Structure formats: C-alpha cells, structure tokens
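S.K.: File follows, run-v2.cif with mmCIF, N, CA and C atoms:
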```cif
data_my_file
#
loop_
_atom_site.label_atom_id
_atom_site.label_comp_id
_atom_site.auth_asym_id
_atom_site.auth_seq_id
_atom_site.Cartn_x
_atom_site.Cartn_y
_atom_site.Cartn_z
N MET A 1 0.83 -1.18 0.00
CA MET A 1 0.00 0.00 0.00
C MET A 1 0.88 1.25 0.00
N GLY A 2 0.48 2.29 -0.74
CA GLY A 2 1.25 3.52 -0.85
C GLY A 2 1.18 4.35 0.42
N ARG A 3 2.08 5.31 0.47
CA ARG A 3 2.10 6.23 1.60
C ARG A 3 1.35 7.51 1.26
N THR A 4 0.82 8.15 2.26
CA THR A 4 0.14 9.42 2.06
C THR A 4 1.17 10.54 1.94
N LEU A 5 0.74 11.68 1.46
CA LEU A 5 1.62 12.83 1.36
C LEU A 5 2.15 13.22 2.74
N ASP A 6 1.28 13.18 3.74
CA ASP A 6 1.71 13.51 5.11
C ASP A 6 2.82 12.57 5.58
N GLU A 7 2.68 11.29 5.26
CA GLU A 7 3.70 10.31 5.66
C GLU A 7 5.02 10.57 4.95
N VAL A 8 4.96 10.92 3.67
CA VAL A 8 6.18 11.22 2.92
C VAL A 8 6.84 12.46 3.49
N MET A 9 6.06 13.50 3.76
CA MET A 9 6.61 14.73 4.31
C MET A 9 7.23 14.51 5.68
N GLN A 10 6.58 13.70 6.50
CA GLN A 10 7.11 13.38 7.84
C GLN A 10 8.44 12.66 7.75
N SER A 11 8.64 11.89 6.70
CA SER A 11 9.87 11.10 6.58
C SER A 11 11.06 11.92 6.08
N LEU A 12 10.81 13.13 5.60
CA LEU A 12 11.90 13.97 5.09
C LEU A 12 12.68 14.60 6.24
N PRO A 13 13.98 14.84 6.02
CA PRO A 13 14.74 15.60 7.02
C PRO A 13 14.13 16.99 7.16
N ASP A 14 14.28 17.59 8.34
CA ASP A 14 13.65 18.88 8.62
C ASP A 14 13.97 19.95 7.58
N ASP A 15 15.24 20.07 7.19
CA ASP A 15 15.60 21.12 6.24
C ASP A 15 14.96 20.88 4.87
N ARG A 16 14.88 19.64 4.45
CA ARG A 16 14.26 19.33 3.16
C ARG A 16 12.75 19.58 3.21
N ARG A 17 12.11 19.19 4.31
CA ARG A 17 10.67 19.41 4.46
C ARG A 17 10.36 20.91 4.46
N GLN A 18 11.17 21.70 5.17
CA GLN A 18 10.97 23.14 5.20
C GLN A 18 11.14 23.75 3.81
N ALA A 19 12.11 23.25 3.04
CA ALA A 19 12.31 23.76 1.68
C ALA A 19 11.11 23.43 0.79
N VAL A 20 10.57 22.23 0.92
CA VAL A 20 9.41 21.82 0.14
C VAL A 20 8.20 22.67 0.53
N GLU A 21 8.00 22.89 1.81
CA GLU A 21 6.87 23.70 2.27
C GLU A 21 7.00 25.15 1.83
N ALA A 22 8.23 25.68 1.84
CA ALA A 22 8.45 27.06 1.40
C ALA A 22 8.14 27.21 -0.09
N ARG A 23 8.57 26.23 -0.88
CA ARG A 23 8.29 26.29 -2.32
C ARG A 23 6.79 26.16 -2.59
N ALA A 24 6.12 25.31 -1.84
CA ALA A 24 4.67 25.16 -1.99
C ALA A 24 3.97 26.47 -1.67
N ASP A 25 4.43 27.18 -0.64
CA ASP A 25 3.86 28.48 -0.29
C ASP A 25 4.07 29.49 -1.43
N GLU A 26 5.26 29.47 -2.05
CA GLU A 26 5.55 30.36 -3.18
C GLU A 26 4.59 30.09 -4.33
N LEU A 27 4.39 28.82 -4.65
CA LEU A 27 3.51 28.46 -5.76
C LEU A 27 2.07 28.84 -5.48
N LEU A 28 1.64 28.70 -4.24
CA LEU A 28 0.27 29.08 -3.88
C LEU A 28 0.07 30.59 -3.95
N ALA A 29 1.16 31.35 -3.79
CA ALA A 29 1.07 32.80 -3.83
C ALA A 29 1.04 33.33 -5.26
N GLU A 30 1.29 32.46 -6.25
CA GLU A 30 1.27 32.87 -7.65
C GLU A 30 -0.07 32.49 -8.27
N VAL A 31 -0.54 33.33 -9.15
CA VAL A 31 -1.73 32.99 -9.93
C VAL A 31 -1.40 33.20 -11.40
N GLU A 32 -2.02 32.41 -12.24
CA GLU A 32 -1.74 32.51 -13.67
C GLU A 32 -2.90 33.20 -14.38
N GLY A 33 -2.68 34.43 -14.72
CA GLY A 33 -3.65 35.15 -15.51
C GLY A 33 -4.68 35.92 -14.69
N LEU A 34 -5.37 36.80 -15.39
CA LEU A 34 -6.34 37.67 -14.74
C LEU A 34 -7.60 36.92 -14.31
N ARG A 35 -7.97 35.88 -15.05
CA ARG A 35 -9.14 35.08 -14.66
C ARG A 35 -8.92 34.47 -13.28
N ALA A 36 -7.71 33.92 -13.06
CA ALA A 36 -7.38 33.32 -11.77
C ALA A 36 -7.34 34.39 -10.68
N LEU A 37 -6.83 35.58 -11.02
CA LEU A 37 -6.81 36.67 -10.06
C LEU A 37 -8.22 37.06 -9.66
N ARG A 38 -9.10 37.17 -10.65
CA ARG A 38 -10.50 37.52 -10.37
C ARG A 38 -11.15 36.47 -9.47
N ALA A 39 -10.90 35.19 -9.78
CA ALA A 39 -11.47 34.11 -8.97
C ALA A 39 -10.92 34.17 -7.54
N LEU A 40 -9.63 34.44 -7.41
CA LEU A 40 -9.02 34.54 -6.09
C LEU A 40 -9.63 35.70 -5.30
N ALA A 41 -9.97 36.78 -6.00
CA ALA A 41 -10.60 37.94 -5.36
C ALA A 41 -12.08 37.70 -5.11
N ASP A 42 -12.57 36.54 -5.53
CA ASP A 42 -13.98 36.16 -5.33
C ASP A 42 -14.93 37.16 -5.98
N ARG A 43 -14.59 37.55 -7.22
CA ARG A 43 -15.41 38.49 -7.99
C ARG A 43 -15.85 37.82 -9.30
N SER A 44 -17.04 38.14 -9.75
CA SER A 44 -17.53 37.66 -11.04
C SER A 44 -17.12 38.65 -12.13
N GLN A 45 -17.22 38.22 -13.38
CA GLN A 45 -16.96 39.14 -14.48
C GLN A 45 -17.94 40.32 -14.43
N GLU A 46 -19.17 40.03 -14.07
CA GLU A 46 -20.18 41.09 -13.98
C GLU A 46 -19.81 42.12 -12.92
N GLN A 47 -19.32 41.65 -11.77
CA GLN A 47 -18.94 42.57 -10.70
C GLN A 47 -17.77 43.45 -11.13
N LEU A 48 -16.78 42.86 -11.80
CA LEU A 48 -15.66 43.66 -12.29
C LEU A 48 -16.11 44.63 -13.36
N ALA A 49 -17.00 44.20 -14.23
CA ALA A 49 -17.51 45.09 -15.28
C ALA A 49 -18.18 46.30 -14.64
N ASP A 50 -18.99 46.08 -13.62
CA ASP A 50 -19.65 47.19 -12.92
C ASP A 50 -18.61 48.15 -12.31
N ALA A 51 -17.61 47.59 -11.67
CA ALA A 51 -16.58 48.41 -11.04
C ALA A 51 -15.76 49.19 -12.07
N LEU A 52 -15.58 48.62 -13.25
CA LEU A 52 -14.80 49.26 -14.30
C LEU A 52 -15.64 50.18 -15.19
N GLY A 53 -16.96 50.06 -15.07
CA GLY A 53 -17.83 50.87 -15.92
C GLY A 53 -17.86 50.38 -17.36
N ILE A 54 -17.72 49.06 -17.54
CA ILE A 54 -17.76 48.46 -18.87
C ILE A 54 -18.74 47.29 -18.86
N LYS A 55 -18.92 46.65 -19.98
CA LYS A 55 -19.82 45.50 -20.06
C LYS A 55 -19.06 44.21 -19.81
N GLN A 56 -19.77 43.17 -19.36
CA GLN A 56 -19.16 41.88 -19.01
C GLN A 56 -18.32 41.28 -20.15
N PRO A 57 -18.76 41.33 -21.41
CA PRO A 57 -17.92 40.76 -22.47
C PRO A 57 -16.54 41.43 -22.59
N SER A 58 -16.47 42.70 -22.20
CA SER A 58 -15.18 43.39 -22.23
C SER A 58 -14.24 42.85 -21.15
N VAL A 59 -14.79 42.47 -20.00
CA VAL A 59 -13.97 41.85 -18.94
C VAL A 59 -13.44 40.51 -19.45
N HIS A 60 -14.30 39.75 -20.10
CA HIS A 60 -13.89 38.46 -20.68
C HIS A 60 -12.74 38.67 -21.66
N LYS A 61 -12.84 39.69 -22.49
CA LYS A 61 -11.79 40.00 -23.48
C LYS A 61 -10.48 40.38 -22.79
N ILE A 62 -10.56 41.22 -21.77
CA ILE A 62 -9.36 41.63 -21.04
C ILE A 62 -8.67 40.41 -20.43
N GLU A 63 -9.46 39.50 -19.85
CA GLU A 63 -8.88 38.31 -19.22
C GLU A 63 -8.15 37.42 -20.22
N ARG A 64 -8.54 37.47 -21.47
CA ARG A 64 -7.94 36.60 -22.49
C ARG A 64 -6.77 37.24 -23.21
N GLN A 65 -6.58 38.55 -23.04
CA GLN A 65 -5.50 39.24 -23.73
C GLN A 65 -4.15 38.85 -23.17
N ALA A 66 -3.19 38.66 -24.07
CA ALA A 66 -1.83 38.33 -23.66
C ALA A 66 -1.01 39.60 -23.42
N ASP A 67 -1.42 40.71 -24.00
CA ASP A 67 -0.66 41.95 -23.91
C ASP A 67 -1.62 43.08 -23.52
N LEU A 68 -1.36 43.72 -22.40
CA LEU A 68 -2.23 44.77 -21.89
C LEU A 68 -1.44 46.04 -21.63
N TYR A 69 -2.12 47.18 -21.72
CA TYR A 69 -1.54 48.41 -21.20
C TYR A 69 -1.45 48.27 -19.69
N LEU A 70 -0.43 48.86 -19.10
CA LEU A 70 -0.32 48.83 -17.64
C LEU A 70 -1.51 49.52 -16.99
N SER A 71 -2.03 50.55 -17.63
CA SER A 71 -3.18 51.25 -17.06
C SER A 71 -4.40 50.34 -17.02
N THR A 72 -4.58 49.50 -18.03
CA THR A 72 -5.70 48.55 -18.05
C THR A 72 -5.51 47.51 -16.95
N LEU A 73 -4.29 47.02 -16.83
CA LEU A 73 -4.00 46.03 -15.78
C LEU A 73 -4.22 46.63 -14.40
N ARG A 74 -3.76 47.86 -14.20
CA ARG A 74 -3.94 48.52 -12.90
C ARG A 74 -5.42 48.66 -12.57
N ARG A 75 -6.23 49.11 -13.53
CA ARG A 75 -7.67 49.28 -13.30
C ARG A 75 -8.32 47.94 -12.97
N PHE A 76 -7.94 46.88 -13.69
CA PHE A 76 -8.50 45.55 -13.46
C PHE A 76 -8.18 45.09 -12.04
N VAL A 77 -6.91 45.22 -11.66
CA VAL A 77 -6.48 44.78 -10.32
C VAL A 77 -7.19 45.59 -9.24
N GLU A 78 -7.31 46.89 -9.44
CA GLU A 78 -7.98 47.73 -8.45
C GLU A 78 -9.47 47.40 -8.37
N ALA A 79 -10.10 47.08 -9.52
CA ALA A 79 -11.51 46.70 -9.51
C ALA A 79 -11.72 45.38 -8.77
N ALA A 80 -10.68 44.54 -8.74
CA ALA A 80 -10.75 43.28 -8.02
C ALA A 80 -10.44 43.47 -6.53
N GLY A 81 -10.11 44.70 -6.15
CA GLY A 81 -9.85 44.99 -4.74
C GLY A 81 -8.39 45.01 -4.37
N GLY A 82 -7.51 44.93 -5.37
CA GLY A 82 -6.07 44.87 -5.09
C GLY A 82 -5.34 46.13 -5.49
N THR A 83 -4.03 46.08 -5.36
CA THR A 83 -3.15 47.15 -5.83
C THR A 83 -2.08 46.52 -6.70
N LEU A 84 -1.62 47.26 -7.69
CA LEU A 84 -0.61 46.76 -8.61
C LEU A 84 0.74 47.35 -8.26
N GLU A 85 1.74 46.50 -8.13
CA GLU A 85 3.12 46.95 -7.94
C GLU A 85 3.96 46.30 -9.02
N LEU A 86 4.87 47.05 -9.61
CA LEU A 86 5.76 46.53 -10.63
C LEU A 86 7.17 46.53 -10.08
N ARG A 87 7.77 45.36 -10.02
CA ARG A 87 9.13 45.23 -9.49
C ARG A 87 10.05 44.70 -10.57
N VAL A 88 11.28 45.20 -10.56
CA VAL A 88 12.29 44.80 -11.53
C VAL A 88 13.50 44.28 -10.78
N SER A 89 14.02 43.14 -11.21
CA SER A 89 15.24 42.58 -10.62
C SER A 89 16.40 42.82 -11.58
N LEU A 90 17.43 43.51 -11.09
CA LEU A 90 18.61 43.78 -11.89
C LEU A 90 19.81 43.06 -11.28
N PRO A 91 20.61 42.40 -12.10
CA PRO A 91 21.79 41.71 -11.57
C PRO A 91 22.69 42.67 -10.81
N GLY A 92 23.04 42.30 -9.61
CA GLY A 92 23.91 43.11 -8.79
C GLY A 92 23.25 44.33 -8.16
N LYS A 93 22.00 44.58 -8.50
CA LYS A 93 21.31 45.75 -7.96
C LYS A 93 20.13 45.37 -7.08
N GLY A 94 19.72 44.13 -7.12
CA GLY A 94 18.59 43.70 -6.32
C GLY A 94 17.27 44.00 -7.01
N THR A 95 16.22 44.05 -6.23
CA THR A 95 14.88 44.30 -6.74
C THR A 95 14.48 45.72 -6.42
N ILE A 96 13.98 46.41 -7.44
CA ILE A 96 13.51 47.77 -7.25
C ILE A 96 12.04 47.83 -7.66
N LYS A 97 11.32 48.76 -7.06
CA LYS A 97 9.90 48.95 -7.36
C LYS A 97 9.77 50.15 -8.30
N LEU A 98 9.12 49.95 -9.44
CA LEU A 98 8.86 51.04 -10.37
C LEU A 98 7.53 51.68 -9.98
N THR A 99 7.50 52.98 -9.95
CA THR A 99 6.26 53.68 -9.59
C THR A 99 5.85 54.59 -10.74
N GLY A 100 4.58 54.92 -10.77
CA GLY A 100 4.07 55.87 -11.74
C GLY A 100 3.72 55.27 -13.09
N LEU A 101 4.04 54.00 -13.32
CA LEU A 101 3.71 53.37 -14.60
C LEU A 101 2.28 52.87 -14.55
N GLY A 102 1.52 53.20 -15.58
CA GLY A 102 0.14 52.75 -15.64
C GLY A 102 -0.79 53.57 -14.77
N ASP A 103 -0.29 54.62 -14.19
CA ASP A 103 -1.13 55.50 -13.37
C ASP A 103 -1.71 56.58 -14.25
N LEU A 104 -3.01 56.52 -14.49
CA LEU A 104 -3.65 57.46 -15.39
C LEU A 104 -3.67 58.88 -14.85
N HIS A 105 -3.52 59.05 -13.55
CA HIS A 105 -3.60 60.37 -12.93
C HIS A 105 -2.25 61.09 -12.95
N GLN A 106 -1.19 60.39 -13.31
CA GLN A 106 0.13 60.97 -13.27
C GLN A 106 0.63 61.19 -14.70
N GLN A 107 0.84 62.38 -15.09
CA GLN A 107 1.33 62.70 -16.45
C GLN A 107 2.30 63.84 -16.38
#
```
Let's see the structure in the file written out as structure tokens.

M.R.:
Amino acid sequence: MGRTLDEVMQSLPDDRRQAVEARADELLAEVEGLRALRALADRSQEQLADALGIKQPSVHKIERQADLYLSTLRRFVEAAGGTLELRVSLPGKGTIKLTGLGDLHQQ
C-alpha cells in the first residue's frame, strides 16, 4: 500500500521538508492570468464590469488578452480589490519597485 503525502513529508529531514513547504507556499502565492486573479478575489466578471464601468464581455476579453496596457492592468487589479506593484530585478542591484507606470492620474 502507498504512503500518504503527510507520511512522505514526515519522513523527510527537517531542512528538506521546510524547503518543500516554502516552495509550496511560493507556488500558492502565484496565480496565472487575470481570470485566476478575479477568482481569487472572489469576484464575477459582472462585478468587475460594474466596477470598471464596462460591459461583461469586455472583462472576458481583457482576461484573455496576452498583452495589456499597464493602465488597463492597474484598473483591473484595483476593480478586483487589489493594488498593482511593478518590481524589476537587476543583476547586482537587487529588486527595485517602479512607480508611476500605468497610473492614469500621473502625467
């Protein structure tokens, strides 16, 4: 008979188990695409459409687009109840946060 996931995890050395759990937490913190983000925010396409002042088919279209303006992405994220941050990792410089991109109020 096979072992359960809990049994396998229990059998790992502490450092290995902690590494596996940390990676699992990282993966759970990632979502793939705007549809998944909307679902995570527990919002329907209709609710986002209302918040954005557009019709539901337009939300569907935005979710399927591979390339978006940052301003569109920011509005979508904010309509879902979130905030958008853009971070860039540069070799030898670490991670920096870019501000002002996609902000329609800043020109």

S.K.: Neighbours of stretch 30-47 of chain A within 10 Å (only C-alpha atoms; same-chain residues fewer than 4 positions away dropped), as a list in words?

M.R.: Asp25, Glu26, Ala51, Leu52, Gly53, Ile54, Lys55, Gln56, Pro57, Ser58, Val59, His60, Ile62, Glu63, Arg64, Gln65, Ala66, Leu73, Phe76, Val77, Ala79, Ala80, Gly81 and Gly82 of chain A

S.K.: Name the residues of chain A that come out as strand (DSSP E or B) in a backbone DSSP run; write them as a list of chain:residue names.

M.R.: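 Strand (DSSP E or B) assignments inside chain A correspond to A:Leu86, A:Arg87, A:Val88, A:Ser89, A:Leu90, A:Gly94, A:Thr95, A:Ile96, A:Lys97, A:Leu98.
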
S.K.: Kindly save the residues from that selection, with N, CA and C atoms included, as a PDB file, keeping the file's coordinate frame.

M.R.:
```
ATOM      1  N   LEU A  86       4.870  47.050  -9.610  1.00  0.00           N
ATOM      2  CA  LEU A  86       5.760  46.530 -10.630  1.00  0.00           C
ATOM      3  C   LEU A  86       7.170  46.530 -10.080  1.00  0.00           C
ATOM      4  N   ARG A  87       7.770  45.360 -10.020  1.00  0.00           N
ATOM      5  CA  ARG A  87       9.130  45.230  -9.490  1.00  0.00           C
ATOM      6  C   ARG A  87      10.050  44.700 -10.570  1.00  0.00           C
ATOM      7  N   VAL A  88      11.280  45.200 -10.560  1.00  0.00           N
ATOM      8  CA  VAL A  88      12.290  44.800 -11.530  1.00  0.00           C
ATOM      9  C   VAL A  88      13.500  44.280 -10.780  1.00  0.00           C
ATOM     10  N   SER A  89      14.020  43.140 -11.210  1.00  0.00           N
ATOM     11  CA  SER A  89      15.240  42.580 -10.620  1.00  0.00           C
ATOM     12  C   SER A  89      16.400  42.820 -11.580  1.00  0.00           C
ATOM     13  N   LEU A  90      17.430  43.510 -11.090  1.00  0.00           N
ATOM     14  CA  LEU A  90      18.610  43.780 -11.890  1.00  0.00           C
ATOM     15  C   LEU A  90      19.810  43.060 -11.280  1.00  0.00           C
ATOM     16  N   GLY A  94      19.720  44.130  -7.120  1.00  0.00           N
ATOM     17  CA  GLY A  94      18.590  43.700  -6.320  1.00  0.00           C
ATOM     18  C   GLY A  94      17.270  44.000  -7.010  1.00  0.00           C
ATOM     19  N   THR A  95      16.220  44.050  -6.230  1.00  0.00           N
ATOM     20  CA  THR A  95      14.880  44.300  -6.740  1.00  0.00           C
ATOM     21  C   THR A  95      14.480  45.720  -6.420  1.00  0.00           C
ATOM     22  N   ILE A  96      13.980  46.410  -7.440  1.00  0.00           N
ATOM     23  CA  ILE A  96      13.510  47.770  -7.250  1.00  0.00           C
ATOM     24  C   ILE A  96      12.040  47.830  -7.660  1.00  0.00           C
ATOM     25  N   LYS A  97      11.320  48.760  -7.060  1.00  0.00           N
ATOM     26  CA  LYS A  97       9.900  48.950  -7.360  1.00  0.00           C
ATOM     27  C   LYS A  97       9.770  50.150  -8.300  1.00  0.00           C
ATOM     28  N   LEU A  98       9.120  49.950  -9.440  1.00  0.00           N
ATOM     29  CA  LEU A  98       8.860  51.040 -10.370  1.00  0.00           C
ATOM     30  C   LEU A  98       7.530  51.680  -9.980  1.00  0.00           C
TER      31      LEU A  98
END
```

S.K.: May I ask for the distance between atom C of A:Leu101 and atom C of A:Lys61, given in Å to one decimal place?

M.R.: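 About the pair atom C of A:Leu101 and atom C of A:Lys61: they are 19.7 Å apart.
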
S.K.: Could you check how far atom N of A:Ala24 sits from atom CA of A:Met9, in Å to one decimal?

M.R.: 12.2 Å

S.K.: Please measure the separation of atom CA of A:Ile96 and atom C of A:Leu84, giving the value in Å to one decimal.

M.R.: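 Here the two named atoms are 12.8 Å from each other.
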